[in-house]
Structures are given as C-alpha cells and as structure tokens.
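Text of model.pdb, listed as PDB, C-alpha atoms and all ligand atoms:
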MODEL        1
ATOM      1  CA  MET A   1      30.391 -12.711 173.014
ATOM      2  CA  THR A   2      27.520 -13.328 175.348
ATOM      3  CA  HIS A   3      24.508 -11.128 175.332
ATOM      4  CA  THR A   4      22.911 -10.548 178.680
ATOM      5  CA  ASP A   5      19.637  -8.790 179.166
ATOM      6  CA  LYS A   6      19.883  -6.441 182.118
ATOM      7  CA  ARG A   7      16.188  -6.813 182.814
ATOM      8  CA  THR A   8      16.673 -10.426 183.892
ATOM      9  CA  GLU A   9      18.990  -9.383 186.741
ATOM     10  CA  VAL A  10      17.735  -9.191 190.286
ATOM     11  CA  ASN A  11      18.330  -5.460 190.390
ATOM     12  CA  ASN A  12      15.254  -3.749 189.063
ATOM     13  CA  PHE A  13      14.912  -0.018 188.762
ATOM     14  CA  CYS A  14      11.974   2.281 188.290
ATOM     15  CA  SER A  15      11.894   3.137 184.580
ATOM     16  CA  ILE A  16      10.998   6.748 185.361
ATOM     17  CA  CYS A  17      13.318   7.779 188.178
ATOM     18  CA  GLY A  18      15.823   4.903 188.477
ATOM     19  CA  TYR A  19      14.791   4.113 192.057
ATOM     20  CA  PRO A  20      16.366   0.720 192.969
ATOM     21  CA  LEU A  21      13.710  -1.928 193.544
ATOM     22  CA  GLY A  22      15.917  -4.950 194.312
ATOM     23  CA  ASN A  23      14.170  -8.167 193.291
ATOM     24  CA  TYR A  24      10.778  -6.472 193.042
ATOM     25  CA  ASN A  25       9.792  -6.234 189.410
ATOM     26  CA  PRO A  26       6.884  -3.818 188.840
ATOM     27  CA  TRP A  27       6.374  -5.280 185.360
ATOM     28  CA  GLY A  28       6.208  -8.915 186.465
ATOM     29  CA  GLY A  29       8.480 -11.811 185.538
ATOM     30  CA  ASP A  30       7.655 -11.592 181.825
ATOM     31  CA  GLY A  31       7.844  -7.797 181.724
ATOM     32  CA  LYS A  32       4.213  -7.650 180.602
ATOM     33  CA  THR A  33       2.310  -8.084 183.852
ATOM     34  CA  PRO A  34       2.467  -4.745 185.639
ATOM     35  CA  THR A  35       1.521  -4.575 189.304
ATOM     36  CA  TYR A  36       0.033  -1.068 189.025
ATOM     37  CA  ASP A  37       1.857  -0.200 192.224
ATOM     38  CA  ILE A  38       3.087   3.316 192.887
ATOM     39  CA  CYS A  39       6.790   4.193 192.962
ATOM     40  CA  PRO A  40       7.661   5.643 196.400
ATOM     41  CA  CYS A  41      10.056   8.042 194.714
ATOM     42  CA  CYS A  42       8.503   9.549 191.593
ATOM     43  CA  GLY A  43       4.935   8.366 192.206
ATOM     44  CA  VAL A  44       4.502   6.744 188.803
ATOM     45  CA  GLU A  45       1.906   4.012 188.469
ATOM     46  CA  TRP A  46       3.774   1.115 186.868
ATOM     47  CA  GLY A  47       1.962  -0.214 183.854
ATOM     48  CA  ASN A  48       0.163   3.071 183.394
ATOM     49  CA  GLU A  49       2.279   6.219 183.012
ATOM     50  CA  ASP A  50       5.396   4.225 182.076
ATOM     51  CA  TYR A  51       3.677   2.168 179.385
ATOM     52  CA  THR A  52       5.547   3.635 176.410
ATOM     53  CA  SER A  53       8.944   5.322 176.078
ATOM     54  CA  GLU A  54       7.101   8.537 175.195
ATOM     55  CA  SER A  55       4.991   8.425 178.342
ATOM     56  CA  ARG A  56       8.084   7.574 180.409
ATOM     57  CA  THR A  57       9.962  10.618 179.083
ATOM     58  CA  GLU A  58       6.901  12.809 179.538
ATOM     59  CA  TYR A  59       6.274  11.682 183.134
ATOM     60  CA  ARG A  60       9.988  11.958 184.017
ATOM     61  CA  ASN A  61      10.272  15.476 182.611
ATOM     62  CA  LYS A  62       7.140  16.531 184.464
ATOM     63  CA  TRP A  63       8.445  15.008 187.697
ATOM     64  CA  LEU A  64      11.849  16.670 187.305
ATOM     65  CA  ALA A  65      10.291  20.017 186.398
ATOM     66  CA  ASP A  66       8.203  19.766 189.552
ATOM     67  CA  GLY A  67      11.369  19.483 191.660
ATOM     68  CA  ALA A  68      11.696  15.655 191.730
ATOM     69  CA  LYS A  69       9.525  15.378 194.820
ATOM     70  CA  TRP A  70       9.213  12.032 196.616
ATOM     71  CA  PHE A  71       5.795  10.432 196.569
ATOM     72  CA  GLU A  72       6.543   8.919 199.980
ATOM     73  CA  PRO A  73       8.977  11.375 201.600
ATOM     74  CA  GLN A  74       9.519   9.086 204.597
ATOM     75  CA  GLU A  75      11.179   6.572 202.223
ATOM     76  CA  LYS A  76      13.717   9.113 201.043
ATOM     77  CA  PRO A  77      17.303   8.228 202.099
ATOM     78  CA  VAL A  78      19.239  10.965 203.915
ATOM     79  CA  ASN A  79      22.055  10.852 201.385
ATOM     80  CA  TRP A  80      19.763  10.601 198.373
ATOM     81  CA  ASN A  81      21.321  11.804 195.125
ATOM     82  CA  LEU A  82      18.985  12.415 192.202
ATOM     83  CA  GLU A  83      21.702  12.487 189.558
ATOM     84  CA  GLU A  84      23.200   9.192 190.748
ATOM     85  CA  GLN A  85      19.771   7.552 190.744
ATOM     86  CA  LEU A  86      18.937   8.766 187.248
ATOM     87  CA  LYS A  87      21.983   6.866 185.960
ATOM     88  CA  ASN A  88      20.079   3.627 186.635
ATOM     89  CA  ILE A  89      17.613   4.364 183.870
ATOM     90  CA  ASP A  90      17.870   2.599 180.539
ATOM     91  CA  HIS A  91      17.899   5.313 177.937
ATOM     92  CA  GLU A  92      16.474   3.174 175.198
ATOM     93  CA  THR A  93      15.598   6.108 172.980
ATOM     94  CA  ASP A  94      18.997   7.829 173.163
ATOM     95  CA  GLY A  95      20.710   8.485 169.895
TER      96      GLY A  95
HETATM   97 ZN    ZN F   1      10.098   5.996 190.243
ENDMDL
END
Would you encode the structure as structure tokens?
Ligand SMILES: [Zn+2]
Amino acid sequence: MTHTDKRTEVNNFCSICGYPLGNYNPWGGDGKTPTYDICPCCGVEWGNEDYTSESRTEYRNKWLADGAKWFEPQEKPVNWNLEEQLKNIDHETDG
C-alpha cells in the first residue's frame, strides 16, 4: 500500500469552497506560507479565515448562508455548479 498525500498534487482547491486553483497553492509549497490572497469564489483570505478547521467551517457556513456569492462574479463559469465544487473539499473533521 502506498500512501499519497493529496495536497502534494498539482490540483489545489480552496479549502472553503473547493474552487479549483490548478498549480497555485495559496498555502505555499510547505503548506505553512499563506499568500493572503483572496479566493475569487468565496472571498476567503487564505491564511486568515481558513487558518483552523473551525474557522473554515464557520466561514463556509456563513458564505453558504449568504447565498454562496462570488467575490469576483466575472470569474464565475457559466455552467458553475456549487454542489460539484464543494465535493473538492477535504472534510477532515467528518466523523
Ligand atoms: Zn474559495
């Protein structure tokens, strides 16, 4: 059995909304050097509101309750599907 860490893959996702970031890692190569950029989808500031699993859940719930509005609406794909995108999130606290 080989154990692979998904976080080392090129596909990075926003930890709040699951927005695909490609090879852009908002937490830096070591996962500890946040860029403090803003997610175009949920508007989270990486390294700030997504610092702990509690703050991630809190921000996500707030964002969803507010109608899952895009921070940069011009970036929103025509066929965007919130439920599909949310599947990209690691639910580390499930269970
Ligand atoms: Zn996001």
Closest contacts (chain A/ligand ZN 1 (chain F), max 12 Å, all atoms listed in the file) as a Markdown table:
| residue | atom | partner | partner_atom | distance |
| --- | --- | --- | --- | --- |
| A:Asn12 | CA | F:ZN1 | ZN | 11.1 |
| A:Phe13 | CA | F:ZN1 | ZN | 7.8 |
| A:Cys14 | CA | F:ZN1 | ZN | 4.6 |
| A:Ser15 | CA | F:ZN1 | ZN | 6.6 |
| A:Ile16 | CA | F:ZN1 | ZN | 5.0 |
| A:Cys17 | CA | F:ZN1 | ZN | 4.2 |
| A:Gly18 | CA | F:ZN1 | ZN | 6.1 |
| A:Tyr19 | CA | F:ZN1 | ZN | 5.4 |
| A:Pro20 | CA | F:ZN1 | ZN | 8.6 |
| A:Leu21 | CA | F:ZN1 | ZN | 9.3 |
| A:Pro26 | CA | F:ZN1 | ZN | 10.4 |
| A:Asp37 | CA | F:ZN1 | ZN | 10.5 |
| A:Ile38 | CA | F:ZN1 | ZN | 8.0 |
| A:Cys39 | CA | F:ZN1 | ZN | 4.6 |
| A:Pro40 | CA | F:ZN1 | ZN | 6.6 |
| A:Cys41 | CA | F:ZN1 | ZN | 4.9 |
| A:Cys42 | CA | F:ZN1 | ZN | 4.1 |
| A:Gly43 | CA | F:ZN1 | ZN | 6.0 |
| A:Val44 | CA | F:ZN1 | ZN | 5.8 |
| A:Glu45 | CA | F:ZN1 | ZN | 8.6 |
| A:Trp46 | CA | F:ZN1 | ZN | 8.7 |
| A:Glu49 | CA | F:ZN1 | ZN | 10.7 |
| A:Asp50 | CA | F:ZN1 | ZN | 9.6 |
| A:Arg56 | CA | F:ZN1 | ZN | 10.2 |
| A:Tyr59 | CA | F:ZN1 | ZN | 9.9 |
| A:Arg60 | CA | F:ZN1 | ZN | 8.6 |
| A:Trp63 | CA | F:ZN1 | ZN | 9.5 |
| A:Leu64 | CA | F:ZN1 | ZN | 11.2 |
| A:Ala68 | CA | F:ZN1 | ZN | 9.9 |
| A:Lys69 | CA | F:ZN1 | ZN | 10.5 |
| A:Trp70 | CA | F:ZN1 | ZN | 8.8 |
| A:Phe71 | CA | F:ZN1 | ZN | 8.8 |
| A:Glu72 | CA | F:ZN1 | ZN | 10.8 |
| A:Lys76 | CA | F:ZN1 | ZN | 11.8 |
| A:Leu82 | CA | F:ZN1 | ZN | 11.1 |
| A:Gln85 | CA | F:ZN1 | ZN | 9.8 |
| A:Leu86 | CA | F:ZN1 | ZN | 9.7 |
| A:Asn88 | CA | F:ZN1 | ZN | 10.9 |
| A:Ile89 | CA | F:ZN1 | ZN | 10.0 |
| atom CA of A:Thr52 to atom CA of A:Asn25: how many Å, to one decimal? |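 A separation of 16.9 Å between them.
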| said: I'd like the interatomic distance between atom CA of A:Glu84 and atom CA of A:Trp27, to a tenth of an Å. | reply: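 Going from atom CA of A:Glu84 over to atom CA of A:Trp27, I get 22.8 Å.
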| request: Enter the distance from atom CA of A:Gly29 to atom CA of A:Gly47, in Å, rounded to one decimal. | output: 13.4 Å
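Closest approach to A:Ser53 among A:Lys32, A:Gly67, A:Trp80, A:Asp90 is made by A:Asp90 (distances from all atoms listed in the file).
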